$ cat final-v1.pdb   # PDB, C-alpha atoms, pLDDT in the B column
MODEL        1
ATOM      1  CA  ILE W  68       0.000   0.000   0.000  1.00 80.00           C
ATOM      2  CA  SER W  69       1.364   3.420  -0.863  1.00 85.00           C
ATOM      3  CA  ILE W  70       0.975   6.289   1.586  1.00 90.00           C
ATOM      4  CA  THR W  71       1.660  10.005   1.492  1.00 91.00           C
ATOM      5  CA  GLN W  72       4.712  11.560   3.124  1.00 94.00           C
ATOM      6  CA  ASN W  73       2.402  13.269   5.629  1.00 90.00           C
ATOM      7  CA  LEU W  74       0.875   9.941   6.681  1.00 92.00           C
ATOM      8  CA  TYR W  75       4.331   8.396   6.924  1.00 95.00           C
ATOM      9  CA  ASP W  76       5.447  11.270   9.192  1.00 94.00           C
ATOM     10  CA  ALA W  77       2.343  10.805  11.356  1.00 92.00           C
ATOM     11  CA  LEU W  78       2.853   7.050  11.704  1.00 93.00           C
ATOM     12  CA  VAL W  79       6.518   7.478  12.630  1.00 93.00           C
ATOM     13  CA  HIS W  80       5.720  10.249  15.105  1.00 91.00           C
ATOM     14  CA  LEU W  81       2.770   8.452  16.733  1.00 90.00           C
ATOM     15  CA  ARG W  82       4.257   4.988  16.986  1.00 90.00           C
ATOM     16  CA  ARG W  83       5.137   3.467  20.298  1.00 89.00           C
ATOM     17  CA  ARG W  84       8.507   1.787  20.469  1.00 88.00           C
ATOM     18  CA  TRP W  85       7.735  -0.960  22.969  1.00 92.00           C
ATOM     19  CA  THR W  86       3.974  -1.513  22.785  1.00 92.00           C
ATOM     20  CA  SER W  87       1.432  -1.892  20.043  1.00 90.00           C
ATOM     21  CA  ARG W  88      -1.021   0.834  19.145  1.00 88.00           C
ATOM     22  CA  GLU W  89      -4.275   0.659  17.218  1.00 86.00           C
ATOM     23  CA  LEU W  90      -4.910   3.524  14.832  1.00 86.00           C
ATOM     24  CA  TRP W  91      -7.795   4.282  12.527  1.00 84.00           C
ATOM     25  CA  VAL W  92      -6.474   6.081   9.481  1.00 87.00           C
ATOM     26  CA  ASP W  93      -9.180   7.029   6.989  1.00 82.00           C
ATOM     27  CA  ALA W  94      -6.716   7.021   4.099  1.00 83.00           C
ATOM     28  CA  ILE W  95      -5.843   3.376   4.820  1.00 87.00           C
ATOM     29  CA  CYS W  96      -9.053   1.985   6.338  1.00 86.00           C
ATOM     30  CA  ILE W  97     -11.272   3.325   3.565  1.00 85.00           C
ATOM     31  CA  ASN W  98     -10.326   2.652  -0.039  1.00 84.00           C
ATOM     32  CA  GLN W  99     -10.131   6.212  -1.339  1.00 82.00           C
ATOM     33  CA  GLU W 100     -10.399   5.014  -4.948  1.00 86.00           C
ATOM     34  CA  ASP W 101     -13.624   3.040  -4.424  1.00 89.00           C
ATOM     35  CA  LYS W 102     -16.587   5.444  -4.507  1.00 89.00           C
ATOM     36  CA  ALA W 103     -19.058   2.792  -3.358  1.00 92.00           C
ATOM     37  CA  GLU W 104     -16.931   1.895  -0.337  1.00 90.00           C
ATOM     38  CA  LYS W 105     -16.460   5.558   0.549  1.00 86.00           C
ATOM     39  CA  ALA W 106     -20.212   6.157   0.246  1.00 87.00           C
ATOM     40  CA  ALA W 107     -20.861   3.249   2.626  1.00 90.00           C
ATOM     41  CA  GLN W 108     -18.118   4.139   5.138  1.00 86.00           C
ATOM     42  CA  ILE W 109     -18.430   7.920   5.420  1.00 81.00           C
ATOM     43  CA  PRO W 110     -21.863   7.815   7.144  1.00 83.00           C
ATOM     44  CA  LEU W 111     -20.288   5.522   9.764  1.00 85.00           C
ATOM     45  CA  MET W 112     -17.476   7.952  10.615  1.00 83.00           C
ATOM     46  CA  GLY W 113     -19.515   9.684  13.302  1.00 82.00           C
ATOM     47  CA  GLN W 114     -19.703   6.395  15.219  1.00 85.00           C
ATOM     48  CA  VAL W 115     -15.994   5.749  14.719  1.00 84.00           C
ATOM     49  CA  TYR W 116     -15.123   9.063  16.389  1.00 82.00           C
ATOM     50  CA  PHE W 117     -17.853   8.782  19.019  1.00 85.00           C
ATOM     51  CA  ARG W 118     -16.659   5.344  20.135  1.00 86.00           C
ATOM     52  CA  ALA W 119     -12.961   6.152  20.032  1.00 84.00           C
ATOM     53  CA  ARG W 120     -11.186   6.155  23.381  1.00 85.00           C
ATOM     54  CA  ARG W 121      -8.859   8.856  22.124  1.00 84.00           C
ATOM     55  CA  VAL W 122      -8.632  10.913  18.971  1.00 83.00           C
ATOM     56  CA  VAL W 123      -5.320  12.256  17.715  1.00 83.00           C
ATOM     57  CA  ILE W 124      -5.418  14.948  15.084  1.00 82.00           C
ATOM     58  CA  TRP W 125      -2.270  15.094  12.967  1.00 85.00           C
ATOM     59  CA  LEU W 126      -1.611  18.537  11.526  1.00 84.00           C
ATOM     60  CA  GLY W 127       1.879  17.813  10.270  1.00 86.00           C
ATOM     61  CA  LEU W 128       5.370  17.890  11.702  1.00 89.00           C
ATOM     62  CA  PRO W 129       6.037  20.646  14.232  1.00 84.00           C
ATOM     63  CA  ASP W 130       7.587  23.815  12.879  1.00 85.00           C
ATOM     64  CA  GLU W 131       8.169  27.380  14.080  1.00 83.00           C
ATOM     65  CA  GLN W 132       4.616  28.369  13.082  1.00 83.00           C
ATOM     66  CA  THR W 133       3.156  25.534  15.150  1.00 84.00           C
ATOM     67  CA  THR W 134       5.352  26.399  18.129  1.00 83.00           C
ATOM     68  CA  GLN W 135       4.288  30.063  18.033  1.00 83.00           C
ATOM     69  CA  THR W 136       0.621  29.147  17.583  1.00 85.00           C
ATOM     70  CA  LEU W 137       0.579  26.732  20.508  1.00 82.00           C
ATOM     71  CA  ALA W 138       2.382  29.308  22.676  1.00 79.00           C
ATOM     72  CA  LEU W 139      -0.270  31.886  21.795  1.00 81.00           C
ATOM     73  CA  ILE W 140      -3.150  29.481  22.491  1.00 81.00           C
ATOM     74  CA  ASN W 141      -1.546  28.558  25.812  1.00 80.00           C
ATOM     75  CA  MET W 142      -1.191  32.230  26.777  1.00 78.00           C
ATOM     76  CA  ILE W 143      -4.818  32.904  25.838  1.00 78.00           C
ATOM     77  CA  ALA W 144      -5.929  29.979  28.016  1.00 77.00           C
ATOM     78  CA  ILE W 145      -3.802  31.164  30.943  1.00 76.00           C
ATOM     79  CA  THR W 146      -5.130  34.716  30.582  1.00 74.00           C
ATOM     80  CA  ALA W 147      -8.717  33.447  30.420  1.00 70.00           C
ATOM     81  CA  LYS W 148      -8.094  31.374  33.531  1.00 72.00           C
ATOM     82  CA  LEU W 149      -6.704  34.385  35.396  1.00 68.00           C
ATOM     83  CA  GLU W 150      -9.486  36.693  34.180  1.00 66.00           C
ATOM     84  CA  THR W 151     -12.342  34.365  34.998  1.00 66.00           C
ATOM     85  CA  GLY W 152     -10.950  32.507  37.974  1.00 65.00           C
ATOM     86  CA  LEU W 153     -11.936  29.243  36.295  1.00 58.00           C
ATOM     87  CA  ARG W 154      -9.756  26.221  36.775  1.00 56.00           C
ATOM     88  CA  ARG W 155     -10.347  25.349  33.141  1.00 51.00           C
ATOM     89  CA  PRO W 156     -11.196  28.249  30.853  1.00 44.00           C
ATOM     90  CA  MET W 157     -14.471  27.869  29.004  1.00 45.00           C
ATOM     91  CA  ILE W 158     -13.893  30.418  26.282  1.00 43.00           C
ATOM     92  CA  HIS W 159     -16.751  29.061  24.151  1.00 44.00           C
ATOM     93  CA  ASN W 160     -19.266  30.186  26.805  1.00 42.00           C
ATOM     94  CA  LEU W 161     -18.133  33.824  26.755  1.00 41.00           C
ATOM     95  CA  GLU W 162     -20.740  36.084  25.206  1.00 41.00           C
ATOM     96  CA  LEU W 163     -19.601  39.256  23.481  1.00 39.00           C
ATOM     97  CA  GLU W 164     -22.097  41.356  25.417  1.00 40.00           C
ATOM     98  CA  GLU W 165     -20.302  40.384  28.615  1.00 44.00           C
ATOM     99  CA  PHE W 166     -17.038  41.974  27.505  1.00 43.00           C
ATOM    100  CA  ASP W 167     -16.615  45.234  29.367  1.00 48.00           C
ATOM    101  CA  GLU W 168     -14.378  47.344  27.119  1.00 48.00           C
ATOM    102  CA  ALA W 169     -13.937  50.136  29.659  1.00 47.00           C
ATOM    103  CA  ARG W 170     -12.740  47.739  32.358  1.00 50.00           C
ATOM    104  CA  HIS W 171     -10.238  46.105  30.006  1.00 48.00           C
ATOM    105  CA  ALA W 172      -9.078  49.392  28.457  1.00 48.00           C
ATOM    106  CA  GLU W 173      -7.857  50.545  31.856  1.00 46.00           C
ATOM    107  CA  ARG W 174      -5.532  47.563  32.118  1.00 51.00           C
ATOM    108  CA  ARG W 175      -2.203  47.315  30.412  1.00 51.00           C
ATOM    109  CA  LEU W 176      -2.303  44.662  27.718  1.00 52.00           C
ATOM    110  CA  PRO W 177       0.035  41.734  28.327  1.00 60.00           C
ATOM    111  CA  SER W 178       3.189  42.032  26.242  1.00 60.00           C
ATOM    112  CA  TRP W 179       2.575  38.644  24.575  1.00 56.00           C
ATOM    113  CA  ILE W 180      -0.621  39.915  22.951  1.00 63.00           C
ATOM    114  CA  LEU W 181       1.189  42.684  21.091  1.00 59.00           C
ATOM    115  CA  GLY W 182       3.581  40.449  19.146  1.00 69.00           C
ATOM    116  CA  ILE W 183       2.263  40.262  15.582  1.00 76.00           C
ATOM    117  CA  GLU W 184       4.367  37.197  14.750  1.00 79.00           C
ATOM    118  CA  LYS W 185       2.282  34.904  16.954  1.00 77.00           C
ATOM    119  CA  TRP W 186      -0.962  36.194  15.422  1.00 82.00           C
ATOM    120  CA  GLN W 187       0.429  35.737  11.910  1.00 85.00           C
ATOM    121  CA  ALA W 188       1.490  32.210  12.845  1.00 85.00           C
ATOM    122  CA  LEU W 189      -2.029  31.534  14.177  1.00 86.00           C
ATOM    123  CA  GLY W 190      -3.557  32.754  10.898  1.00 87.00           C
ATOM    124  CA  ALA W 191      -1.231  30.540   8.864  1.00 87.00           C
ATOM    125  CA  PHE W 192      -1.854  27.604  11.206  1.00 86.00           C
ATOM    126  CA  LEU W 193      -5.634  27.932  10.822  1.00 86.00           C
ATOM    127  CA  SER W 194      -5.177  28.079   7.051  1.00 86.00           C
ATOM    128  CA  LYS W 195      -3.969  24.480   6.970  1.00 83.00           C
ATOM    129  CA  PRO W 196      -6.194  22.321   4.739  1.00 80.00           C
ATOM    130  CA  TRP W 197      -7.430  20.287   7.720  1.00 79.00           C
ATOM    131  CA  PHE W 198      -9.413  23.256   9.067  1.00 79.00           C
ATOM    132  CA  SER W 199     -11.285  23.753   5.775  1.00 78.00           C
ATOM    133  CA  ARG W 200     -12.730  20.240   5.558  1.00 75.00           C
ATOM    134  CA  VAL W 201     -16.483  20.151   6.125  1.00 68.00           C
ATOM    135  CA  TRP W 202     -16.562  17.010   8.256  1.00 70.00           C
ATOM    136  CA  ILE W 203     -13.878  18.215  10.693  1.00 72.00           C
ATOM    137  CA  LEU W 204     -16.347  19.914  13.044  1.00 69.00           C
ATOM    138  CA  GLN W 205     -18.376  16.704  13.272  1.00 70.00           C
ATOM    139  CA  GLU W 206     -15.264  14.649  14.035  1.00 72.00           C
ATOM    140  CA  VAL W 207     -14.024  17.017  16.731  1.00 72.00           C
ATOM    141  CA  ILE W 208     -17.424  17.277  18.424  1.00 73.00           C
ATOM    142  CA  LEU W 209     -17.992  13.525  18.418  1.00 72.00           C
ATOM    143  CA  ALA W 210     -14.468  12.826  19.633  1.00 71.00           C
TER
ENDMDL
END
$ encode --input "final-v1.pdb" --output "structure tokens"
Amino acid sequence: ISITQNLYDALVHLRRRWTSRELWVDAICINQEDKAEKAAQIPLMGQVYFRARRVVIWLGLPDEQTTQTLALINMIAITAKLETGLRRPMIHNLELEEFDEARHAERRLPSWILGIEKWQALGAFLSKPWFSRVWILQEVILA
């Protein structure tokens, strides 16, 4: 079976040296050339992700862009935790109407938020093809 370089990188990176590991890889488990098989398997994907014990999303080998993006996301989570007092930030529950601009304008912005490089890296990171696939939201929610 032939695989892409990206899949090869993922398999090498995710393998365990001393124990076995079961992986579901769409590109291998579903014959991408067989339209009938794909039509039969794709409706079942929701159950595959729902029943999975763990889902790993491979976005490619780490690079400077990934490092900067993850640093930014981590800083946002830490800031949200400090601002809200939550042990685990729940950013998705924040409503825009709750944002008090006057209260936040009085504060000095953290220095990390001003660095344009991290925001550019985030934009490039979110431009990866994985984020533009329609079924991704379903997979992430079910996982």
$ atom_distance --input "final-v1.pdb" --atom1 "CA of Trp197 in chain W" --atom2 "CA of Glu100 in chain W"
20.1 Å
$ atom_distance --input "final-v1.pdb" --atom1 "CA of Thr136 in chain W" --atom2 "CA of Lys195 in chain W"
12.5 Å
$ residues_around --input "final-v1.pdb" --residues "Ile140 in chain W" --least-positions-apart "2" --cutoff "12 Å" --atoms "only C-alpha atoms" --output "MDAnalysis selection string"
chainID W and resid 133:138 142:147 156 158 179:180 185:186 188:189 192
$ closest_residue --input "final-v1.pdb" --among "W:Leu139, W:Pro196, W:Leu209, W:Gln99" --to "Ile70 in chain W" --atoms "all atoms listed in the file"
W:Gln99
$ atom_distance --input "final-v1.pdb" --atom1 "CA of Ile68 in chain W" --atom2 "CA of Asp93 in chain W"
13.5 Å
$ resolve_selection --input "final-v1.pdb" --expression "the PyMOL selection byres ((chain W and resi 121) around 12)" --output "CSV table (one decimal) with C-alpha atoms, in the coordinates of the input"
chain,number,residue,atom,x,y,z
W,88,ARG,CA,-1.0,0.8,19.1
W,89,GLU,CA,-4.3,0.7,17.2
W,90,LEU,CA,-4.9,3.5,14.8
W,91,TRP,CA,-7.8,4.3,12.5
W,115,VAL,CA,-16.0,5.7,14.7
W,116,TYR,CA,-15.1,9.1,16.4
W,117,PHE,CA,-17.9,8.8,19.0
W,118,ARG,CA,-16.7,5.3,20.1
W,119,ALA,CA,-13.0,6.2,20.0
W,120,ARG,CA,-11.2,6.2,23.4
W,122,VAL,CA,-8.6,10.9,19.0
W,123,VAL,CA,-5.3,12.3,17.7
W,124,ILE,CA,-5.4,14.9,15.1
W,206,GLU,CA,-15.3,14.6,14.0
W,207,VAL,CA,-14.0,17.0,16.7
W,209,LEU,CA,-18.0,13.5,18.4
W,210,ALA,CA,-14.5,12.8,19.6
